[in-house]
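Asker: Have a look at the structure that comes next, please.
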Amino acid sequence: MSLSTQPKDPRTERDDITQPSLGPVGLLRFAWRQLTSMRTALFLLLLLAVAALPGSIFPQRSIDAVRTADWIARHETAGPWLDKLGFFEVYASPWFAAIYLLLLVSLVGCVLPRSKVHWKAMRSQPPRAPKRLERLAAHDSVTVDGTPDEVLERVRGALKDGRFRTHSHDASTVSAEKGYLKETGNLFFHLALIGVILGMAGGHLFGWKADIILPVGESMANVAARYDTLNTGPLVDPADFTPFTMKLTRFDAEFESDVKGKGQFGSPRDFTAHVDFTKEPGAKVEKKVIRVNGPLETGGGTAFLLGNGYAPKITVKDAQGNVTYSDATPFLAQDNNYTSVGAVKVAGAGPAGKQLGFAGLFLPTAVLDEQGPHSVFPDLLEPALALSAFEGTLFPGGRPQSVYSLDTEGMTQLKNKEGTDLLRIWLKPGETYTLPGGQGSITFDGVERFAGISVRNDPGKELTLVAALVALLGLILSLTIRRRRVFVRVVPAQEEGRTVVSIGGLAKDDDEGMGDELEDVLTRLKERRT
Amino acid sequence: MTHETLASYSNLSLYSAMAVLTLSMLGYAGYLAGLLPARERRGESVDTAEAPERELVAAGGGPVGGGSAAAAAAAPGSDSEGEVPLRARKAGGVAHMFAILGTVLLFVSAALRGGSVERWPLGNMFEFGVAAALFTMVVFVGWGVRRDLTWLGLFVVAPVLILLGLANTVWYTEAAELMPSLKSVWLIIHVTVATISVGLFAVGFIVALLYLAKDRFGADRGILRALPSEKSLERLTYGLHIVAFPLWTFTLIAGAIWARQAWGSYWNWDPKEVWTFIIWVVYAAYLHARVTRGWRRQSASWVAVAGFVCIIVNYAVVNVYFVGQHSYSGL
Ligand code: HEM
């Protein structure tokens with residue numbers, strides 16, 4: 001006789017029996033049994049751990065597409081191969097999905113029958129006491145005052161005080177059991193894992209995320225076309241987006257300048273975006289802040305502050321002095337000191353039908369040394385622009401391109417006035433550079449900061465969170481509660497009016513506390529006598 | 001007091017802790033060494049399974065009515081007082097006092113560091129290292145209140161010292177404020193609980209290794225004799241892991257909540273997240289393996305060992321070399 005919180009599962013108990021020839025149905029049943037066995041679950045769990053590994057080693061496209069492309073380009077043979085096998089999109093790859101889906105099926109196939117068994121067990125009485133209690137691993141016996149009937153009544157009381165469920169199958173024994181919550185917790189844990197997966201799937205299908213770079217002074221509206229990038233789940237219609245708007249009025253950034261140690265000087269310390277928020281057109285304007293750990297709930301998605309940088313205000317004029325370009329142009333930070341790259345694309349054609357383009361660096365604290373131009377501190381101490389100029393066709397073939405770089409395939413780089421060297425423009429705020437050959441001029445008017453704002457909507461997150469907390473609770477119940485059975489038999493003692501009480505306990509696995517449990521019951525029993 | 005003074009007191013306290021723990025380690029080593037010849041002389045087997053009743057008393061269970069329940073309650077622990085030579089016992093006692101003092105000093109060091117930067121002192125690799133050492137010691141000392149763990153001392157204090165040495169040299173980072181993405185109460189909750197469970201897993205790992213060693217090399221070889229029986233060791237391993245695992249589960253959940261606050265999405269498959277998940281899955285596999293028919297306890301314990309190897313990789317490799325959003329090691 002054994003007690004297991006894991007109900008005896010006939011399906012897993014039988015897998016060592018040699019099966020006679022199987023028909024198709026038999027084969028299916030066999031496969032199902034294998035899949036839902038504990039051993040398969042264990043194997044799949046270990047496999048899941050191994051399969052998750054490569055995603056932390058290789059760059060992942062969904063996280064950093066540029067780095068991924070770069071990696072593939074640098075590994076000419078291995079790169080494309082690994083790409084085909086899904087190593088750069090591990091968590092969306094078919095083999096990763098296969099493992100967790102199999103695990104999920106195994107989980108359902110395992111847990112549902114167990115739930116049924118447990119449901120029955122909870123509503124049935126503890127089993128009959130074994131004949132010889134002294135054979136149980138933990139057992140004891142004492143002699144107490146009282147007739148067997150009286151004593152049995154007291155035993156029942158003592159067991160109930162210990163939160164046992166009791167039942168007498170005959171006049172001289174009590175069977176008791178407790179700890180049903182252990183299996184309940186275990187089942188809740190496993191079922192809740194399904195809830196976690198469903199929540200994640202819900203987020204994937206119904207969720208969306210969008211990013212926008214917003215310089216100080218500019219506004220945005222929550223419409224698909226306004227975002228720089230937009231990723232929607234398969235079941236999302238951007239027409240349903242809530243019509244909020246936001247204007248970035250101020251952006252505060254603080255960097256470490258006191259502590260000079262390695263890895264600390266210049267580290268970011270605080271970023272705050274101040275916005276004028278309107279819930280819908282015509283609603284009143286609310287002043288809000290978005291911080292790195294303090295997103296803004298918009299009512300239809302949450303706005304997070306995920307990045308920031310500088311957007312130098314640049315004006316380009318033609319030879320006649322007409323403004324052909326004037327914008328706060330975001331430059332993308334490349335290192336911790338905000339050495340930033342960017343490009344200016346003057347789409348209007350110049351005199352010879354050629355377009356103008358500028359590409360280069362923005363440096364908040366500029367230094368020009370043998371390393372070339374770079375920034376040595378992230379804040380605006382010594383801002384400068386270092387640009388090269390190009391003329392030609394900005395958008396050859398109409399291919400999509402990054403706003404931070406020029407596609408110079410259809411362009412030629414301008415030379416300096418003497419024609420001896422490539423033109424290098426170095427501008428400080430307020431300075432203007434006149435381009436050679438009557439091409440006009442470029443002015444660095446000043447610098448604004450920009451905020452990288454990400455708006456995300458994940459309707460599955462609540463389900464995931466609740467399911468995860470239920471799983472945690474179930475886990476704690478399952479791991480801390482002991483399932484225990486106790487049997488008591490009473491027989492009249494030699495002396496008149498005394499009774500011998502034999503007690504035996506049966507626990508799952510090795511339960512160190514069983515001896516104490518029996519002792520507790522006996523102590524309570526003795527206390528009841530007085 | 002200025003921040004710099006606090007920081008230097010914090011370091012002073014850390015060095016004192018390391019000195020005290022070194023003494024503690026020597027004491028524990030002396031305990032084990034003193035134990036061996038004595039036992040060999042008497043030619044006794046100390047496999048505790050053979051002396052269940054004595055142990056129950058030693059484990060603080062108190063006398064058990066009739067004594068017959070003892071078989072089920074066989075607890076590990078050292079042998080009764082008389083068997084341990086006086087000198088070994090003294091060494092063990094002194095070692096334990098030093099272990100407690102070292103733990104207190106580590107705590108003081110972490111607290112002063114927190115004071116010097118006016119934040120929770122868990123913001124970079126150095127601070128994680130000190131905290132992991134602290135919590136491992138807390139687990140060991142705290143557990144030692146309930147049972148005699150003198151046999152375990154050397155195996156806990158020595159790795160803790162190595163960890164502190166690494167933290168102090170390779171991972172040292174000057175005290176400073178945090179970057180914005182780390183300023184959150186969820187940092188405090190998530191990282192603190194993570195470090196506590198790492199402390200528990202660490203002790204569990206050590207006990208698992210001792211179990212596997214004893215199982216592999218025989219119960220009466222050298223130092224292994226001084227340990228509790230294989231059965232007890234295995235059970236202790238499990239006992240530690242079932243406390244640590246829910247805490248790690250909580251770490252995972254709290255981390256996800258914080259990730260949503262800071263990065264907009266609760267799960268990004270960032271390398272650190274991947275490893276937290278891998279560690280969770282491996283330990284879940286351990287708990288499964290222990291009850292899977294056809295899997296021996298030894299094999300299951302190897303899964304637990306693998307789990308801790310993952311923790312070490314996560315800490316020492318992923319933090320430093322893998323590119324991800326968790327790049328705050330300060331290196
Ligand atoms: C998503 C995959 C799974 C995970 C993460 C997982 C995790 C766990 C964990 C952590 C435990 C230990 C806690 C406890 O005892 O309640 C456990 C126990 C258990 N699991 Fe799973 N499990 C998974 C799938 C399965 C499957 C597919 C089966 C069925 C074949 C299964 C059957 C069991 C059983 C019977 C126990 C109880 C062990 C005992 O009596 O102590 N699990 N599981």
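If you're wondering about the labels, chains in the structure tokens are A, B, ... by order shown, residues count from 1 in each chain, ligands from 1 in order shown.
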What are the residues of chain A that have an atom within 7 Å of an atom of chain B, counting only C-alpha atoms, as a CSV table (one decimal) with all heavy atoms, in the first residue's frame?

Answerer:
chain,number,residue,atom,x,y,z
A,38,MET,N,5.1,11.0,-17.6
A,38,MET,CA,6.0,11.8,-16.8
A,38,MET,C,7.3,11.9,-17.5
A,38,MET,O,8.0,12.9,-17.5
A,38,MET,CB,6.1,11.2,-15.5
A,38,MET,CG,6.1,11.9,-14.2
A,38,MET,SD,5.3,13.4,-14.1
A,38,MET,CE,6.3,14.1,-12.7
A,39,ARG,N,7.8,10.8,-18.0
A,39,ARG,CA,9.1,10.7,-18.6
A,39,ARG,C,9.2,11.6,-19.8
A,39,ARG,O,10.2,12.4,-19.9
A,39,ARG,CB,9.5,9.3,-18.9
A,39,ARG,CG,10.9,9.0,-18.8
A,39,ARG,CD,11.2,7.6,-19.1
A,39,ARG,NE,10.4,6.6,-18.4
A,39,ARG,CZ,10.3,5.3,-18.7
A,39,ARG,NH1,11.0,4.8,-19.6
A,39,ARG,NH2,9.5,4.5,-18.0
A,42,LEU,N,9.3,15.2,-18.7
A,42,LEU,CA,10.7,15.6,-18.2
A,42,LEU,C,11.6,15.8,-19.4
A,42,LEU,O,12.4,16.8,-19.4
A,42,LEU,CB,11.2,14.4,-17.3
A,42,LEU,CG,12.6,14.6,-16.8
A,42,LEU,CD1,12.8,15.8,-16.0
A,42,LEU,CD2,12.9,13.4,-15.9
A,45,LEU,N,10.9,19.0,-21.1
A,45,LEU,CA,11.3,20.2,-20.3
A,45,LEU,C,12.8,20.4,-20.5
A,45,LEU,O,13.2,21.6,-20.7
A,45,LEU,CB,11.1,19.9,-18.8
A,45,LEU,CG,9.7,20.3,-18.2
A,45,LEU,CD1,9.6,19.9,-16.8
A,45,LEU,CD2,9.5,21.8,-18.3
A,46,LEU,N,13.6,19.4,-20.4
A,46,LEU,CA,15.0,19.5,-20.6
A,46,LEU,C,15.3,20.0,-22.0
A,46,LEU,O,16.2,20.9,-22.2
A,46,LEU,CB,15.7,18.2,-20.3
A,46,LEU,CG,15.7,17.8,-18.8
A,46,LEU,CD1,16.3,16.4,-18.6
A,46,LEU,CD2,16.6,18.8,-18.0
A,49,ALA,N,14.7,23.7,-22.3
A,49,ALA,CA,15.9,24.5,-21.8
A,49,ALA,C,17.0,24.6,-22.8
A,49,ALA,O,17.6,25.7,-23.0
A,49,ALA,CB,16.4,23.9,-20.5
A,52,ALA,N,16.1,26.8,-25.8
A,52,ALA,CA,16.1,28.3,-25.5
A,52,ALA,C,17.5,28.9,-25.6
A,52,ALA,O,17.6,30.1,-25.8
A,52,ALA,CB,15.4,28.5,-24.2
A,56,SER,N,20.0,33.1,-26.8
A,56,SER,CA,20.8,34.1,-26.0
A,56,SER,C,22.2,34.2,-26.5
A,56,SER,O,23.0,35.1,-26.1
A,56,SER,CB,20.8,33.6,-24.5
A,56,SER,OG,21.7,32.5,-24.4
A,137,ALA,N,5.8,2.5,8.3
A,137,ALA,CA,7.1,3.1,8.6
A,137,ALA,C,7.0,3.9,9.9
A,137,ALA,O,7.9,3.8,10.7
A,137,ALA,CB,7.5,4.0,7.5
A,138,ALA,N,6.0,4.7,10.1
A,138,ALA,CA,5.9,5.4,11.4
A,138,ALA,C,4.7,4.8,12.1
A,138,ALA,O,3.6,4.7,11.6
A,138,ALA,CB,5.6,6.9,11.1
A,139,HIS,N,5.0,4.4,13.4
A,139,HIS,CA,3.9,3.9,14.2
A,139,HIS,C,4.2,4.0,15.6
A,139,HIS,O,5.4,4.2,16.0
A,139,HIS,CB,3.6,2.4,13.8
A,139,HIS,CG,4.9,1.6,14.0
A,139,HIS,ND1,5.1,0.9,15.1
A,139,HIS,CD2,5.9,1.4,13.2
A,139,HIS,CE1,6.3,0.3,15.0
A,139,HIS,NE2,6.8,0.6,13.8
A,140,ASP,N,3.2,3.8,16.5
A,140,ASP,CA,3.4,4.0,17.9
A,140,ASP,C,2.2,3.4,18.6
A,140,ASP,O,1.2,3.1,18.0
A,140,ASP,CB,3.5,5.5,18.2
A,140,ASP,CG,4.2,5.8,19.5
A,140,ASP,OD1,4.5,4.8,20.2
A,140,ASP,OD2,4.5,6.9,19.8
A,259,VAL,N,30.8,61.0,-10.1
A,259,VAL,CA,31.6,59.9,-10.0
A,259,VAL,C,32.5,59.6,-11.2
A,259,VAL,O,31.9,59.6,-12.3
A,259,VAL,CB,30.8,58.6,-9.7
A,259,VAL,CG1,31.6,57.4,-9.6
A,259,VAL,CG2,30.0,58.9,-8.4
A,261,GLY,N,34.6,57.1,-11.8
A,261,GLY,CA,35.0,55.7,-12.1
A,261,GLY,C,34.7,55.1,-13.4
A,261,GLY,O,33.7,55.6,-14.1
A,263,GLY,N,33.1,53.1,-16.2
A,263,GLY,CA,31.7,52.5,-16.3
A,263,GLY,C,30.6,53.4,-15.6
A,263,GLY,O,29.5,53.0,-15.7
A,267,SER,N,27.3,58.0,-17.2
A,267,SER,CA,26.1,57.1,-17.3
A,267,SER,C,24.8,57.9,-17.2
A,267,SER,O,24.8,58.9,-16.4
A,267,SER,CB,26.2,56.1,-16.2
A,267,SER,OG,27.1,55.2,-16.4
A,268,PRO,N,23.8,57.5,-17.9
A,268,PRO,CA,22.5,58.2,-17.7
A,268,PRO,C,22.0,58.1,-16.3
A,268,PRO,O,22.1,57.0,-15.7
A,268,PRO,CB,21.6,57.5,-18.7
A,268,PRO,CG,22.3,56.2,-19.0
A,268,PRO,CD,23.7,56.4,-18.8
A,269,ARG,N,21.4,59.1,-15.8
A,269,ARG,CA,20.8,59.0,-14.4
A,269,ARG,C,19.3,59.3,-14.4
A,269,ARG,O,18.6,58.7,-13.6
A,269,ARG,CB,21.5,60.1,-13.5
A,269,ARG,CG,22.9,59.7,-13.2
A,269,ARG,CD,23.1,58.3,-12.5
A,269,ARG,NE,24.4,57.9,-12.3
A,269,ARG,CZ,24.9,56.7,-12.6
A,269,ARG,NH1,24.1,55.8,-13.2
A,269,ARG,NH2,26.1,56.4,-12.4
A,270,ASP,N,18.8,60.2,-15.2
A,270,ASP,CA,17.4,60.4,-15.2
A,270,ASP,C,16.9,61.0,-16.6
A,270,ASP,O,17.6,61.9,-17.1
A,270,ASP,CB,17.0,61.4,-14.1
A,270,ASP,CG,15.5,61.4,-13.9
A,270,ASP,OD1,14.9,60.4,-14.1
A,270,ASP,OD2,15.0,62.5,-13.7
A,271,PHE,N,15.9,60.5,-17.1
A,271,PHE,CA,15.2,61.0,-18.3
A,271,PHE,C,13.8,61.3,-18.0
A,271,PHE,O,13.1,60.4,-17.4
A,271,PHE,CB,15.3,60.0,-19.4
A,271,PHE,CG,16.7,59.7,-19.8
A,271,PHE,CD1,17.1,58.4,-20.0
A,271,PHE,CD2,17.6,60.7,-20.1
A,271,PHE,CE1,18.4,58.0,-20.4
A,271,PHE,CE2,18.9,60.4,-20.5
A,271,PHE,CZ,19.3,59.1,-20.6
A,292,VAL,N,11.4,56.7,-17.6
A,292,VAL,CA,11.9,55.4,-18.0
A,292,VAL,C,11.2,54.3,-17.3
A,292,VAL,O,10.8,53.3,-17.9
A,292,VAL,CB,13.4,55.3,-17.8
A,292,VAL,CG1,13.9,53.9,-18.1
A,292,VAL,CG2,14.1,56.3,-18.7
A,293,ASN,N,10.9,54.4,-16.0
A,293,ASN,CA,10.2,53.4,-15.3
A,293,ASN,C,8.8,53.8,-15.0
A,293,ASN,O,8.1,53.2,-14.2
A,293,ASN,CB,10.9,53.0,-14.0
A,293,ASN,CG,11.8,51.8,-14.2
A,293,ASN,OD1,11.3,50.8,-14.7
A,293,ASN,ND2,13.0,51.9,-13.8
A,294,GLY,N,8.3,54.9,-15.7
A,294,GLY,CA,7.0,55.4,-15.4
A,294,GLY,C,6.2,55.7,-16.7
A,294,GLY,O,6.2,56.8,-17.1
A,295,PRO,N,5.7,54.6,-17.3
A,295,PRO,CA,5.0,54.8,-18.5
A,295,PRO,C,3.7,55.6,-18.3
A,295,PRO,O,3.2,55.8,-17.2
A,295,PRO,CB,4.7,53.4,-19.0
A,295,PRO,CG,4.7,52.6,-17.7
A,295,PRO,CD,5.7,53.2,-16.8
A,304,PHE,N,5.6,54.3,-23.5
A,304,PHE,CA,6.9,54.1,-22.7
A,304,PHE,C,7.9,55.0,-23.3
A,304,PHE,O,8.0,55.2,-24.5
A,304,PHE,CB,7.3,52.7,-22.8
A,304,PHE,CG,6.4,51.7,-22.2
A,304,PHE,CD1,5.4,51.1,-23.0
A,304,PHE,CD2,6.5,51.3,-20.9
A,304,PHE,CE1,4.5,50.2,-22.4
A,304,PHE,CE2,5.6,50.4,-20.3
A,304,PHE,CZ,4.6,49.9,-21.1
A,306,LEU,N,11.5,54.9,-24.2
A,306,LEU,CA,12.5,53.9,-24.4
A,306,LEU,C,13.8,54.4,-25.0
A,306,LEU,O,14.8,53.7,-25.1
A,306,LEU,CB,12.0,52.8,-25.4
A,306,LEU,CG,10.8,51.9,-24.8
A,306,LEU,CD1,10.6,50.7,-25.6
A,306,LEU,CD2,11.1,51.5,-23.4
A,456,ARG,N,2.5,50.7,-26.7
A,456,ARG,CA,2.2,49.2,-26.8
A,456,ARG,C,0.9,48.9,-26.2
A,456,ARG,O,0.5,49.5,-25.1
A,456,ARG,CB,3.3,48.5,-26.1
A,456,ARG,CG,4.6,48.8,-26.7
A,456,ARG,CD,5.7,48.0,-26.1
A,456,ARG,NE,6.9,48.4,-26.8
A,456,ARG,CZ,8.0,47.6,-26.9
A,456,ARG,NH1,7.9,46.4,-26.4
A,456,ARG,NH2,9.0,48.0,-27.6
A,472,LEU,N,2.0,30.3,-9.0
A,472,LEU,CA,2.9,30.5,-7.9
A,472,LEU,C,2.3,30.0,-6.6
A,472,LEU,O,2.9,29.2,-5.8
A,472,LEU,CB,3.3,31.9,-7.7
A,472,LEU,CG,4.3,32.3,-6.6
A,472,LEU,CD1,5.6,31.5,-6.7
A,472,LEU,CD2,4.6,33.8,-6.5
A,475,LEU,N,1.9,26.3,-6.6
A,475,LEU,CA,3.3,25.7,-6.4
A,475,LEU,C,3.6,25.7,-4.9
A,475,LEU,O,4.1,24.7,-4.4
A,475,LEU,CB,4.3,26.5,-7.2
A,475,LEU,CG,5.7,26.0,-7.2
A,475,LEU,CD1,5.8,24.7,-8.0
A,475,LEU,CD2,6.6,27.1,-7.8
A,476,ILE,N,3.3,26.8,-4.3
A,476,ILE,CA,3.7,26.9,-2.8
A,476,ILE,C,2.8,25.8,-2.1
A,476,ILE,O,3.4,25.1,-1.2
A,476,ILE,CB,3.4,28.3,-2.3
A,476,ILE,CG1,4.4,29.2,-2.9
A,476,ILE,CG2,3.5,28.3,-0.8
A,476,ILE,CD1,4.2,30.7,-2.7
A,479,LEU,N,4.2,22.3,-2.8
A,479,LEU,CA,5.5,22.0,-2.2
A,479,LEU,C,5.5,22.0,-0.7
A,479,LEU,O,6.4,21.4,-0.1
A,479,LEU,CB,6.6,22.9,-2.8
A,479,LEU,CG,6.9,22.8,-4.3
A,479,LEU,CD1,7.9,23.8,-4.7
A,479,LEU,CD2,7.4,21.4,-4.6
A,512,GLU,N,9.8,13.3,6.6
A,512,GLU,CA,10.5,13.4,7.9
A,512,GLU,C,9.6,13.7,9.1
A,512,GLU,O,9.8,13.3,10.2
A,512,GLU,CB,11.5,14.5,7.9
A,512,GLU,CG,12.8,14.1,7.2
A,512,GLU,CD,13.8,15.2,7.4
A,512,GLU,OE1,14.0,15.7,8.5
A,512,GLU,OE2,14.5,15.6,6.4
A,513,GLY,N,8.5,14.4,8.8
A,513,GLY,CA,7.7,14.9,9.8
A,513,GLY,C,6.6,14.0,10.3
A,513,GLY,O,5.8,14.3,11.2
A,514,MET,N,6.5,12.8,9.7
A,514,MET,CA,5.4,11.9,10.0
A,514,MET,C,5.4,11.5,11.5
A,514,MET,O,4.4,11.4,12.2
A,514,MET,CB,5.5,10.7,9.1
A,514,MET,CG,4.3,9.8,9.1
A,514,MET,SD,2.9,10.6,8.3
A,514,MET,CE,1.6,10.1,9.3
A,515,GLY,N,6.6,11.2,12.0
A,515,GLY,CA,6.7,10.8,13.4
A,515,GLY,C,6.2,11.9,14.3
A,515,GLY,O,5.4,11.6,15.3

Asker: Please identify which residues in region 66-173 of chain B DSSP calls helix (DSSP H, G or I) from the backbone, and express them as number ranges by chain.

Answerer: B: 70-73, 81-83, 86-117, 125-146, 150-169

Asker: Measuring atom to atom with only C-alpha atoms and all ligand atoms, identify which of B:Leu210, B:Ala244, B:Val305, B:Ile312 is nearest to ligand 1.

Answerer: B:Ala244

Asker: Please measure the separation of CA of Ala92 (chain A) and CA of Pro54 (chain A), giving the value in Å to one decimal.

Answerer: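 Taking CA of Ala92 (chain A) as the start and CA of Pro54 (chain A) as the end point, the length is 12.5 Å.
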
Asker: By how many Å are CA of Asp511 (chain A) and atom 30 (C, counted along the ligand's line) of ligand 1 apart?

Answerer: 23.0 Å

Asker: Under the rule that only C-alpha atoms and all ligand atoms are counted, which of A:Gly410, A:Gly185, A:Gly233, A:Pro215 is the nearest residue to ligand 1?

Answerer: A:Gly185

Asker: Name the residues in contact with Tyr227 (chain A) at a cut-off of 9 Å, using only C-alpha atoms, excluding same-chain residues fewer than 4 positions from it; report them as a ChimeraX atom specification.

Answerer: /A:210-213,220-223

Asker: Write the residues of the selection above to a file with all heavy atoms, as an mmCIF file, in the first residue's frame.

Answerer:
data_model
loop_
_atom_site.group_PDB
_atom_site.id
_atom_site.type_symbol
_atom_site.label_atom_id
_atom_site.label_comp_id
_atom_site.auth_asym_id
_atom_site.auth_seq_id
_atom_site.Cartn_x
_atom_site.Cartn_y
_atom_site.Cartn_z
ATOM 1 N N ALA A 210 4.131 50.243 -31.414
ATOM 2 C CA ALA A 210 4.510 51.237 -32.405
ATOM 3 C C ALA A 210 5.552 52.155 -31.795
ATOM 4 O O ALA A 210 5.525 52.414 -30.596
ATOM 5 C CB ALA A 210 3.282 52.046 -32.816
ATOM 6 N N ASP A 211 6.483 52.601 -32.610
ATOM 7 C CA ASP A 211 7.541 53.482 -32.107
ATOM 8 C C ASP A 211 7.547 54.784 -32.878
ATOM 9 O O ASP A 211 7.245 54.816 -34.065
ATOM 10 C CB ASP A 211 8.912 52.823 -32.289
ATOM 11 C CG ASP A 211 8.979 51.492 -31.597
ATOM 12 O OD1 ASP A 211 8.698 51.452 -30.396
ATOM 13 O OD2 ASP A 211 9.278 50.478 -32.262
ATOM 14 N N ILE A 212 7.908 55.838 -32.165
ATOM 15 C CA ILE A 212 8.011 57.130 -32.831
ATOM 16 C C ILE A 212 9.127 57.932 -32.180
ATOM 17 O O ILE A 212 9.353 57.829 -30.970
ATOM 18 C CB ILE A 212 6.668 57.895 -32.752
ATOM 19 C CG1 ILE A 212 6.766 59.177 -33.565
ATOM 20 C CG2 ILE A 212 6.280 58.182 -31.325
ATOM 21 C CD1 ILE A 212 5.433 59.831 -33.774
ATOM 22 N N ILE A 213 9.814 58.680 -33.018
ATOM 23 C CA ILE A 213 10.828 59.601 -32.507
ATOM 24 C C ILE A 213 10.237 60.991 -32.537
ATOM 25 O O ILE A 213 9.812 61.472 -33.588
ATOM 26 C CB ILE A 213 12.083 59.499 -33.377
ATOM 27 C CG1 ILE A 213 12.719 58.148 -33.065
ATOM 28 C CG2 ILE A 213 12.994 60.687 -33.139
ATOM 29 C CD1 ILE A 213 14.177 58.085 -33.196
ATOM 30 N N MET A 220 2.221 64.284 -31.913
ATOM 31 C CA MET A 220 1.876 63.063 -32.637
ATOM 32 C C MET A 220 0.429 62.713 -32.352
ATOM 33 O O MET A 220 -0.149 63.133 -31.351
ATOM 34 C CB MET A 220 2.752 61.915 -32.181
ATOM 35 C CG MET A 220 2.598 61.588 -30.704
ATOM 36 S SD MET A 220 3.014 59.884 -30.282
ATOM 37 C CE MET A 220 1.642 58.976 -30.929
ATOM 38 N N ALA A 221 -0.164 61.944 -33.251
ATOM 39 C CA ALA A 221 -1.488 61.396 -33.013
ATOM 40 C C ALA A 221 -1.383 59.889 -33.138
ATOM 41 O O ALA A 221 -0.525 59.375 -33.846
ATOM 42 C CB ALA A 221 -2.476 61.948 -34.044
ATOM 43 N N ASN A 222 -2.255 59.195 -32.416
ATOM 44 C CA ASN A 222 -2.185 57.740 -32.401
ATOM 45 C C ASN A 222 -2.837 57.156 -33.654
ATOM 46 O O ASN A 222 -3.882 56.526 -33.600
ATOM 47 C CB ASN A 222 -2.890 57.234 -31.135
ATOM 48 C CG ASN A 222 -2.784 55.730 -30.985
ATOM 49 O OD1 ASN A 222 -1.824 55.117 -31.445
ATOM 50 N ND2 ASN A 222 -3.768 55.132 -30.334
ATOM 51 N N VAL A 223 -2.217 57.395 -34.794
ATOM 52 C CA VAL A 223 -2.705 56.785 -36.038
ATOM 53 C C VAL A 223 -1.531 56.063 -36.686
ATOM 54 O O VAL A 223 -0.375 56.472 -36.544
ATOM 55 C CB VAL A 223 -3.266 57.833 -37.022
ATOM 56 C CG1 VAL A 223 -4.559 58.418 -36.495
ATOM 57 C CG2 VAL A 223 -2.255 58.936 -37.275
#

Asker: Nearest to ligand 1 among B:Tyr238, B:Asn314, B:Gly92, B:Ala194, with distances taken over only C-alpha atoms and all ligand atoms: which residue is it?

Answerer: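 Using only C-alpha atoms and all ligand atoms, the shortest distance to ligand 1 belongs to B:Tyr238.
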